[in-house]
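Trainee: To be precise about what I am sending: the file is called my_file20.cif and holds mmCIF, C-alpha atoms.
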```cif
data_work
#
loop_
_atom_site.label_atom_id
_atom_site.label_comp_id
_atom_site.auth_asym_id
_atom_site.auth_seq_id
_atom_site.Cartn_x
_atom_site.Cartn_y
_atom_site.Cartn_z
CA MET T 976 76.39 127.40 63.77
CA ARG T 977 79.98 126.81 64.82
CA ARG T 978 80.91 123.37 66.07
CA LEU T 979 82.44 123.19 69.53
CA PRO T 980 86.14 122.32 69.37
CA ILE T 981 87.30 118.95 70.75
CA ARG T 982 89.01 120.60 73.68
CA PHE T 983 85.63 121.61 75.05
CA ILE T 984 83.95 118.30 74.34
CA LEU T 985 86.72 116.00 75.59
CA PRO T 986 86.68 117.21 79.23
CA LEU T 987 82.89 116.89 79.25
CA VAL T 988 83.12 113.31 77.97
CA LEU T 989 85.80 112.48 80.57
CA PHE T 990 83.68 114.08 83.27
CA GLY T 991 80.72 111.97 82.18
CA LEU T 992 82.83 108.81 82.34
CA LEU T 993 84.03 109.75 85.83
CA VAL T 994 80.42 110.26 86.96
CA VAL T 995 79.51 106.78 85.67
CA VAL T 996 82.49 105.13 87.41
CA LEU T 997 81.81 106.89 90.71
CA ALA T 998 78.07 106.19 90.51
CA ILE T 999 78.81 102.46 90.15
CA GLY T 1000 81.22 102.70 93.08
CA ILE T 1001 78.66 104.41 95.31
CA LYS T 1002 75.90 102.00 94.30
CA ASN T 1003 78.04 99.03 95.31
CA SER T 1004 79.44 100.63 98.44
CA PRO T 1005 77.35 98.63 100.97
CA GLU T 1006 78.99 95.52 99.52
CA LYS T 1007 82.52 96.83 99.88
CA ASP T 1008 83.20 94.78 103.01
CA ILE T 1009 82.06 91.60 101.34
CA ILE T 1010 84.89 89.66 99.78
CA PRO T 1011 83.61 86.95 97.44
CA SER T 1012 84.52 83.44 98.57
CA PRO T 1013 86.53 81.29 96.16
CA LEU T 1014 84.88 78.24 97.78
CA ILE T 1015 81.56 78.80 96.03
CA GLY T 1016 80.95 75.99 93.56
CA LYS T 1017 83.76 73.97 95.15
CA PRO T 1018 83.65 71.11 97.66
CA ALA T 1019 83.32 72.22 101.28
CA PRO T 1020 86.41 71.42 103.37
CA THR T 1021 86.44 67.96 104.92
CA PHE T 1022 86.79 67.93 108.67
CA SER T 1023 86.56 65.83 111.81
CA LEU T 1024 86.21 67.98 114.92
CA PRO T 1025 85.09 67.46 118.50
CA SER T 1026 81.39 68.00 119.16
CA LEU T 1027 80.45 70.86 121.48
CA THR T 1028 77.39 69.19 122.94
CA ASP T 1029 78.72 65.62 123.16
CA PRO T 1030 82.36 65.86 124.24
CA GLY T 1031 84.15 62.74 123.12
CA GLN T 1032 82.02 62.53 119.96
CA LYS T 1033 83.17 63.87 116.59
CA VAL T 1034 81.37 66.00 114.04
CA THR T 1035 82.60 65.04 110.57
CA SER T 1036 81.91 66.29 107.07
CA ALA T 1037 81.19 62.67 106.09
CA GLN T 1038 78.15 62.60 108.44
CA LEU T 1039 76.76 65.67 106.71
CA ARG T 1040 76.94 64.24 103.18
CA GLY T 1041 73.61 63.67 101.48
CA HIS T 1042 71.82 66.59 103.12
CA TRP T 1043 71.51 70.30 102.58
CA TYR T 1044 72.82 72.24 105.56
CA LEU T 1045 73.78 75.73 106.68
CA PHE T 1046 77.29 75.87 108.13
CA ASN T 1047 77.27 78.76 110.58
CA VAL T 1048 80.53 80.10 112.03
CA TRP T 1049 79.99 81.77 115.40
CA GLY T 1050 81.40 82.35 118.86
CA THR T 1051 80.03 83.64 122.16
CA TRP T 1052 82.53 86.54 121.97
CA CYS T 1053 80.96 87.69 118.70
CA ILE T 1054 78.34 90.40 119.20
CA SER T 1055 76.85 90.07 115.71
CA CYS T 1056 76.36 86.34 116.34
CA ARG T 1057 74.28 87.15 119.40
CA MET T 1058 72.20 89.49 117.23
CA GLU T 1059 71.72 86.64 114.78
CA GLN T 1060 70.68 84.11 117.42
CA ALA T 1061 66.91 84.83 117.30
CA MET T 1062 66.86 84.48 113.50
CA LEU T 1063 68.74 81.16 113.69
CA LEU T 1064 66.14 79.83 116.14
CA ARG T 1065 63.41 80.83 113.69
CA ILE T 1066 65.23 79.08 110.84
CA LYS T 1067 65.36 75.96 113.01
CA GLN T 1068 61.61 76.27 113.58
CA THR T 1069 60.86 76.30 109.85
CA GLY T 1070 62.43 72.84 109.65
CA LEU T 1071 63.57 73.63 106.12
CA ILE T 1072 67.30 73.16 106.65
CA PRO T 1073 69.50 72.02 109.53
CA LEU T 1074 72.06 74.39 111.02
CA VAL T 1075 75.55 73.06 111.65
CA GLY T 1076 77.58 75.30 113.93
CA LEU T 1077 81.30 75.93 114.03
CA ASP T 1078 82.13 77.33 117.45
CA TRP T 1079 85.12 79.44 116.48
CA ARG T 1080 87.91 80.43 118.92
CA ASP T 1081 85.64 80.00 121.88
CA ASP T 1082 85.63 78.52 125.35
CA PRO T 1083 83.47 75.38 124.94
CA SER T 1084 82.06 75.54 128.47
CA VAL T 1085 81.03 79.19 127.96
CA ALA T 1086 79.47 78.23 124.62
CA ARG T 1087 77.52 75.36 126.20
CA SER T 1088 76.05 77.53 128.95
CA TYR T 1089 75.26 80.28 126.42
CA LEU T 1090 73.22 77.86 124.29
CA LYS T 1091 71.50 76.47 127.40
CA HIS T 1092 70.28 79.95 128.32
CA GLU T 1093 69.64 81.45 124.88
CA GLY T 1094 68.41 78.35 123.05
CA ASP T 1095 70.30 76.05 120.71
CA PRO T 1096 69.43 76.45 117.01
CA TYR T 1097 71.97 73.87 115.84
CA GLN T 1098 71.64 70.24 114.85
CA THR T 1099 75.31 69.68 115.62
CA ILE T 1100 78.18 71.96 116.58
CA ALA T 1101 81.84 71.39 115.80
CA VAL T 1102 84.47 72.99 118.02
CA ASP T 1103 87.30 74.93 116.37
CA GLN T 1104 89.20 76.17 119.37
CA ASP T 1105 92.51 76.93 117.66
CA GLY T 1106 90.92 78.59 114.62
CA MET T 1107 92.51 76.30 112.02
CA GLU T 1108 89.18 75.02 110.64
CA ALA T 1109 87.91 78.58 110.10
CA ILE T 1110 90.93 79.25 107.85
CA MET T 1111 90.03 76.15 105.80
CA TRP T 1112 86.65 77.78 105.13
CA GLY T 1113 88.18 81.19 104.37
CA VAL T 1114 86.42 82.78 107.35
CA TYR T 1115 87.50 86.33 108.18
CA GLY T 1116 84.83 87.50 110.60
CA ALA T 1117 81.95 85.82 112.38
CA PRO T 1118 79.15 85.28 111.71
CA GLU T 1119 79.58 83.71 108.31
CA THR T 1120 77.16 81.16 106.91
CA PHE T 1121 77.76 78.67 104.11
CA LEU T 1122 75.00 76.84 102.27
CA VAL T 1123 76.19 73.33 101.40
CA ASN T 1124 74.31 70.92 99.14
CA PRO T 1125 73.99 67.11 99.49
CA ALA T 1126 77.01 66.58 97.24
CA GLY T 1127 79.09 68.59 99.71
CA ILE T 1128 79.46 71.60 97.38
CA VAL T 1129 79.37 75.14 98.80
CA VAL T 1130 76.46 76.82 97.01
CA TYR T 1131 76.41 80.20 98.71
CA LYS T 1132 78.08 82.20 101.44
CA TYR T 1133 76.39 84.86 103.54
CA ILE T 1134 78.62 87.24 105.49
CA GLY T 1135 77.30 88.96 108.60
CA PRO T 1136 74.27 88.23 110.77
CA ILE T 1137 71.40 86.62 108.87
CA THR T 1138 68.45 88.99 108.93
CA GLU T 1139 64.84 88.26 108.05
CA ARG T 1140 65.46 89.92 104.70
CA ALA T 1141 68.66 87.96 104.01
CA TRP T 1142 66.89 84.70 104.82
CA GLU T 1143 64.00 85.45 102.49
CA ARG T 1144 65.95 87.06 99.68
CA ASP T 1145 69.34 85.32 99.67
CA ILE T 1146 68.99 81.91 101.31
CA LEU T 1147 65.41 80.66 100.95
CA PRO T 1148 65.34 80.91 97.12
CA ARG T 1149 68.50 78.77 96.95
CA LEU T 1150 67.00 75.90 98.93
CA PRO T 1151 65.53 72.91 97.06
CA LEU T 1152 61.77 72.97 96.63
CA THR T 1153 61.21 69.81 98.64
CA SER T 1154 59.04 71.24 101.41
CA GLU T 1155 55.84 69.22 101.82
CA PRO T 1156 52.47 71.02 101.74
CA ALA T 1157 52.19 70.29 105.47
CA ALA T 1158 55.43 72.16 106.13
CA THR T 1159 54.36 75.24 104.15
CA SER T 1160 50.89 75.40 105.72
CA SER T 1161 52.42 75.64 109.18
CA SER T 1162 54.09 78.96 108.39
CA MET Y 1170 110.16 129.10 117.85
CA ARG Y 1171 112.95 126.64 118.68
CA ALA Y 1172 110.89 124.95 121.42
CA GLY Y 1173 108.19 124.24 118.83
CA TYR Y 1174 110.66 122.55 116.49
CA LEU Y 1175 112.01 120.47 119.36
CA LEU Y 1176 108.53 119.36 120.26
CA ILE Y 1177 107.79 118.32 116.67
CA ALA Y 1178 111.11 116.46 116.47
CA ALA Y 1179 110.32 114.64 119.72
CA LEU Y 1180 106.86 113.72 118.44
CA MET Y 1181 108.27 112.38 115.19
CA ALA Y 1182 110.89 110.34 117.03
CA SER Y 1183 108.25 108.84 119.30
CA LEU Y 1184 106.11 107.97 116.27
CA LEU Y 1185 109.06 106.19 114.66
CA LEU Y 1186 109.73 104.26 117.85
CA ALA Y 1187 106.06 103.29 118.12
CA ALA Y 1188 106.13 102.03 114.52
CA SER Y 1189 109.10 99.78 115.16
CA ALA Y 1190 107.48 98.42 118.31
CA ALA Y 1191 104.28 97.62 116.42
CA TYR Y 1192 106.27 95.68 113.87
CA ALA Y 1193 107.54 93.15 116.41
CA ILE Y 1194 104.20 91.36 116.67
CA ALA Y 1195 105.21 87.82 115.84
CA PRO Y 1196 108.48 86.86 117.46
CA THR Y 1197 108.10 83.32 116.11
CA GLN Y 1198 111.40 81.57 115.86
CA MET Y 1199 111.77 79.10 113.03
CA PRO Y 1200 114.34 76.31 113.37
CA THR Y 1201 116.62 77.57 110.59
CA PRO Y 1202 117.42 81.10 109.31
CA GLN Y 1203 116.30 79.99 105.81
CA LEU Y 1204 112.85 79.00 107.09
CA GLU Y 1205 112.69 82.17 109.16
CA ALA Y 1206 113.41 84.28 106.06
CA ARG Y 1207 110.76 82.44 104.02
CA TYR Y 1208 108.28 82.76 106.88
CA LEU Y 1209 108.84 86.52 107.13
CA ARG Y 1210 108.60 86.99 103.36
CA LEU Y 1211 105.35 85.01 103.23
CA ILE Y 1212 103.57 86.78 106.09
CA ARG Y 1213 104.52 90.16 104.64
CA GLY Y 1214 102.91 89.18 101.34
CA PHE Y 1215 99.50 88.25 102.79
CA ARG Y 1216 96.78 90.68 103.67
CA CYS Y 1217 95.12 90.55 107.08
CA MET Y 1218 91.52 89.87 106.03
CA GLN Y 1219 90.06 91.71 109.01
CA CYS Y 1220 92.07 94.92 108.81
CA GLN Y 1221 92.65 94.71 105.05
CA ASP Y 1222 95.38 97.33 104.79
CA GLU Y 1223 97.84 95.55 107.04
CA SER Y 1224 99.91 92.49 106.27
CA LEU Y 1225 99.80 89.35 108.39
CA ALA Y 1226 103.21 90.39 109.72
CA ASP Y 1227 101.85 93.66 111.11
CA SER Y 1228 98.37 92.77 112.24
CA PRO Y 1229 97.60 92.28 115.93
CA VAL Y 1230 94.21 90.55 115.46
CA ASP Y 1231 93.59 86.93 116.47
CA LEU Y 1232 92.78 85.76 112.95
CA ALA Y 1233 96.16 87.02 111.70
CA ALA Y 1234 97.86 85.16 114.55
CA ASP Y 1235 96.02 81.97 113.54
CA MET Y 1236 97.05 82.45 109.93
CA ARG Y 1237 100.69 83.01 110.88
CA ARG Y 1238 100.56 79.81 112.91
CA ASP Y 1239 99.00 77.98 109.97
CA ILE Y 1240 101.72 79.26 107.62
CA ARG Y 1241 104.41 78.31 110.11
CA ASP Y 1242 103.00 74.78 110.40
CA MET Y 1243 102.84 74.44 106.61
CA LEU Y 1244 106.48 75.56 106.30
CA LEU Y 1245 107.55 73.08 108.97
CA ALA Y 1246 105.60 70.37 107.14
CA GLY Y 1247 107.80 71.02 104.09
CA LYS Y 1248 105.33 72.90 101.88
CA THR Y 1249 106.80 75.20 99.24
CA ASP Y 1250 106.08 78.95 99.18
CA GLN Y 1251 103.94 78.43 96.08
CA GLN Y 1252 101.90 75.68 97.75
CA ILE Y 1253 101.27 77.92 100.75
CA ARG Y 1254 100.27 80.84 98.51
CA ASP Y 1255 97.96 78.58 96.48
CA PHE Y 1256 96.34 77.30 99.67
CA MET Y 1257 95.65 80.82 100.97
CA VAL Y 1258 94.26 81.91 97.60
CA SER Y 1259 92.04 78.81 97.45
CA ARG Y 1260 90.44 79.85 100.76
CA TYR Y 1261 90.39 83.65 100.59
CA GLY Y 1262 90.79 84.52 96.92
CA TYR Y 1263 93.40 86.74 95.24
CA PHE Y 1264 92.39 89.51 97.62
CA ILE Y 1265 94.65 88.00 100.28
CA LEU Y 1266 97.77 88.63 98.17
CA PHE Y 1267 99.23 92.11 98.45
CA LYS Y 1268 100.74 91.58 95.02
CA PRO Y 1269 98.02 89.96 92.94
CA PRO Y 1270 99.18 87.71 90.09
CA PHE Y 1271 98.55 88.64 86.46
CA VAL Y 1272 95.51 86.54 85.54
CA TRP Y 1273 92.33 87.31 83.57
CA LYS Y 1274 90.45 88.38 86.69
CA THR Y 1275 93.12 90.87 87.74
CA ALA Y 1276 94.22 92.01 84.25
CA TRP Y 1277 92.33 95.30 84.50
CA LEU Y 1278 94.16 96.03 87.74
CA TRP Y 1279 97.53 95.79 86.02
CA LEU Y 1280 96.58 97.28 82.66
CA THR Y 1281 94.53 100.32 83.67
CA PRO Y 1282 97.47 102.48 84.85
CA GLY Y 1283 99.36 101.76 81.61
CA ALA Y 1284 96.29 102.57 79.52
CA VAL Y 1285 95.72 105.83 81.38
CA LEU Y 1286 99.40 106.74 80.94
CA LEU Y 1287 99.19 105.99 77.22
CA VAL Y 1288 96.13 108.23 76.82
CA GLY Y 1289 97.95 110.96 78.74
CA VAL Y 1290 101.03 110.68 76.51
CA ILE Y 1291 98.91 110.83 73.34
CA VAL Y 1292 97.00 113.88 74.59
CA ALA Y 1293 100.22 115.63 75.67
CA LEU Y 1294 101.95 114.90 72.34
CA THR Y 1295 98.96 116.18 70.36
CA ILE Y 1296 98.90 119.42 72.34
CA ILE Y 1297 102.68 119.90 72.05
CA ARG Y 1298 102.60 119.29 68.27
CA LYS Y 1299 99.71 121.70 67.80
CA ARG Y 1300 101.41 124.41 69.85
CA ALA Y 1301 104.66 123.93 67.95
CA ALA Y 1302 102.85 124.14 64.61
CA LEU Y 1303 100.96 127.22 65.79
CA ALA Y 1304 104.10 128.93 67.06
CA ALA Y 1305 105.89 128.37 63.73
CA THR Y 1306 103.15 130.32 61.91
CA ASP Y 1307 102.85 133.11 64.47
CA PRO Y 1308 104.69 136.30 63.45
CA GLN Y 1309 104.17 137.76 66.94
CA ASP Y 1310 105.97 134.87 68.66
CA ASP Y 1311 109.12 136.00 70.43
CA ASP Y 1312 110.97 132.84 69.45
CA LEU Y 1313 110.73 133.75 65.76
CA VAL Y 1314 111.85 137.35 66.15
CA ASP Y 1315 115.57 138.00 65.72
CA THR Y 1316 116.87 140.47 68.26
#
```
Using the file provided, produce a representation of the structure as structure tokens.
Mentor:
Amino acid sequence: MRRLPIRFILPLVLFGLLVVVLAIGIKNSPEKDIIPSPLIGKPAPTFSLPSLTDPGQKVTSAQLRGHWYLFNVWGTWCISCRMEQAMLLRIKQTGLIPLVGLDWRDDPSVARSYLKHEGDPYQTIAVDQDGMEAIMWGVYGAPETFLVNPAGIVVYKYIGPITERAWERDILPRLPLTSEPAATSSS
Amino acid sequence: MRAGYLLIAALMASLLLAASAAYAIAPTQMPTPQLEARYLRLIRGFRCMQCQDESLADSPVDLAADMRRDIRDMLLAGKTDQQIRDFMVSRYGYFILFKPPFVWKTAWLWLTPGAVLLVGVIVALTIIRKRAALAATDPQDDDLVDT
């Protein structure tokens, strides 16, 4: 039997390679909007910002040291944040981790009345009216949620509204296993 | 028809005008022409993270406006271009730079075109050599026949 010459085999090999490259590209395509954060594994930005709920008071990164928390960037103008609202309230109900809000580029009075009507899932909310704090966190579109550990290190970043699935698959497994039996039996 | 050409020319002219209008998004005035030039160079080099294919200089979104303001403040505070670039990269990653630096993480980005070109050159040279060798042995080839 005659062997096929290289000029027949080479295009086939190249075609095969192209198929592999494109298959990888298609497989990862839902993630194409997600730009990995360079903050992961690094200290969260330090800040001291006015509180949304207690005007005159400050929310500072120093107060948050020593606890795990979810830092959630949102705004009343942000439709996806409104979609996320119900899930945030459920996360609050689990009592597993406090939510710290960053009210981004928002009118504080509108934000206050929104939370009054829709429910407030946050432990504290910092106000970032001019958008400078969001840049410190590398935010490019709300909602974005950062998981910060007691040492103040950013452990994980979730981009987009937190869904049931994202909570169970991406966030819950990263939390410390400190929940008491009483807390787990309630769920 | 001539009217058709005129219409196309008018359309093209209006497109050009629209493009120049869109460019004048940030009429920020820096105190000195030197700072102004650095400011413009910097904002052209950063990607708008929301629109991704536009620079901070061209993008009309709020986040880009905030970033331009941040860059302006850093310049006025006496930061160097490198310090400003490092800050932006520390928050948003290399993705924010339109011209990514040559580091391990981006090496493939810079090397792949060269590698592909090299493969192409090798393939082309092999084919040309083979053809030349083949032609030299071919009695039917016109090039070898004296007229």
Trainee: Produce a table with one row for each residue of chain T that has an atom at most 10 Å from any atom of chain Y, each row naming the nearest atom pair and its distance in Å at one decimal; use only C-alpha atoms; arrange rows by chain and rising residue number; format as CSV.
Mentor:
```
residue,atom,partner,partner_atom,distance
T:Asp1008,CA,Y:Gln1219,CA,9.6
T:Ile1010,CA,Y:Phe1264,CA,7.8
T:Pro1011,CA,Y:Gly1262,CA,7.6
T:Ser1012,CA,Y:Tyr1261,CA,6.2
T:Pro1013,CA,Y:Gly1262,CA,5.4
T:Leu1014,CA,Y:Arg1260,CA,6.5
T:Lys1017,CA,Y:Ser1259,CA,9.9
T:Pro1020,CA,Y:Arg1260,CA,9.7
T:Arg1080,CA,Y:Asp1231,CA,9.0
T:Asp1105,CA,Y:Asp1235,CA,7.4
T:Gly1106,CA,Y:Asp1235,CA,6.2
T:Met1107,CA,Y:Asp1235,CA,6.8
T:Ala1109,CA,Y:Leu1232,CA,9.1
T:Ile1110,CA,Y:Arg1260,CA,7.1
T:Met1111,CA,Y:Arg1260,CA,6.3
T:Trp1112,CA,Y:Arg1260,CA,6.1
T:Gly1113,CA,Y:Arg1260,CA,4.5
T:Val1114,CA,Y:Tyr1261,CA,7.9
T:Tyr1115,CA,Y:Met1218,CA,5.8
T:Gly1116,CA,Y:Gln1219,CA,6.9
```
Trainee: Determine the residue set returned by the PyMOL selection byres ((chain T and resi 1083) around 9) for the present structure, and present it as a compact mmCIF listing (two decimals) with C-alpha atoms, keeping the file's coordinate frame.
Mentor:
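Saved as selection21.txt:
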```
# COMPACT_ATOMS: atom_id res chain seq x y z
CA LEU T 1027 80.45 70.86 121.48
CA THR T 1028 77.39 69.19 122.94
CA ASP T 1078 82.13 77.33 117.45
CA ASP T 1081 85.64 80.00 121.88
CA ASP T 1082 85.63 78.52 125.35
CA SER T 1084 82.06 75.54 128.47
CA VAL T 1085 81.03 79.19 127.96
CA ALA T 1086 79.47 78.23 124.62
CA ARG T 1087 77.52 75.36 126.20
CA SER T 1088 76.05 77.53 128.95
CA VAL T 1102 84.47 72.99 118.02
CA GLN T 1104 89.20 76.17 119.37
```
Trainee: So, with all atoms listed in the file as the atoms that count, which of T:Tyr1097, T:Tyr1089, T:Trp1079, T:Trp1142 lies closest to Val1048 (chain T)?
Mentor: T:Trp1079
Trainee: For a test of reading the model, state the distance in Å between CA of Leu1077 (chain T) and CA of Ile1100 (chain T), rounded to one decimal.
Mentor: 5.7 Å
Trainee: Convert the output of the PyMOL selection byres ((chain T and resi 1053) around 10) on the shown file into explicit residues, formatted as a list in words.
Mentor: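 After applying the PyMOL selection byres ((chain T and resi 1053) around 10), what remains is Trp1049, Gly1050, Thr1051, Trp1052, Ile1054, Ser1055, Cys1056, Arg1057, Met1058, Trp1079, Asp1081, Gly1116, Ala1117 and Pro1118 of chain T.
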Trainee: Hey, can you spit out that residue selection with C-alpha atoms as a PDB file, in the frame of the given file?
Mentor:
```
ATOM      1  CA  TRP T1049      79.990  81.770 115.400  1.00  0.00           C
ATOM      2  CA  GLY T1050      81.400  82.350 118.860  1.00  0.00           C
ATOM      3  CA  THR T1051      80.030  83.640 122.160  1.00  0.00           C
ATOM      4  CA  TRP T1052      82.530  86.540 121.970  1.00  0.00           C
ATOM      5  CA  ILE T1054      78.340  90.400 119.200  1.00  0.00           C
ATOM      6  CA  SER T1055      76.850  90.070 115.710  1.00  0.00           C
ATOM      7  CA  CYS T1056      76.360  86.340 116.340  1.00  0.00           C
ATOM      8  CA  ARG T1057      74.280  87.150 119.400  1.00  0.00           C
ATOM      9  CA  MET T1058      72.200  89.490 117.230  1.00  0.00           C
ATOM     10  CA  TRP T1079      85.120  79.440 116.480  1.00  0.00           C
ATOM     11  CA  ASP T1081      85.640  80.000 121.880  1.00  0.00           C
ATOM     12  CA  GLY T1116      84.830  87.500 110.600  1.00  0.00           C
ATOM     13  CA  ALA T1117      81.950  85.820 112.380  1.00  0.00           C
ATOM     14  CA  PRO T1118      79.150  85.280 111.710  1.00  0.00           C
TER      15      PRO T1118
END
```
Trainee: If I take CA of Ile1253 (chain Y) and CA of Pro1270 (chain Y), how far is one from the other in Å, to one decimal?
Mentor: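 So the two atoms, CA of Ile1253 (chain Y) and CA of Pro1270 (chain Y), lie 14.6 Å apart.
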Trainee: Just say which residues the PyMOL selection byres ((chain Y and resi 1268) around 12) picks in this file, as a ChimeraX atom specification.
Mentor: /Y:1211,1213-1216,1224,1254,1258,1263-1267,1269-1272,1275,1278-1279
Trainee: Can you tell me how far CA of Arg1241 (chain Y) sits from CA of Leu1024 (chain T), in Å to one decimal?
Mentor: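 Between these atoms lies a distance of 21.5 Å.
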Trainee: Show me, as lines of an AutoDock Vina configuration file, the centre and edge lengths in Å to one decimal of the axis-aligned box that covers every listed atom of region 1262-1274 of chain Y with 5 Å on each side.
Mentor:
```
center_x = 95.6
center_y = 88.3
center_z = 91.9
size_x = 20.3
size_y = 17.6
size_z = 26.7
```
Trainee: Quick one: residues within 12 Å of region 1284-1293 of chain Y, only C-alpha atoms counted, chain neighbours fewer than 6 positions away excluded, as number ranges by chain?
Mentor: T: 981-982, 985-986, 989; Y: 1276-1278, 1299-1300
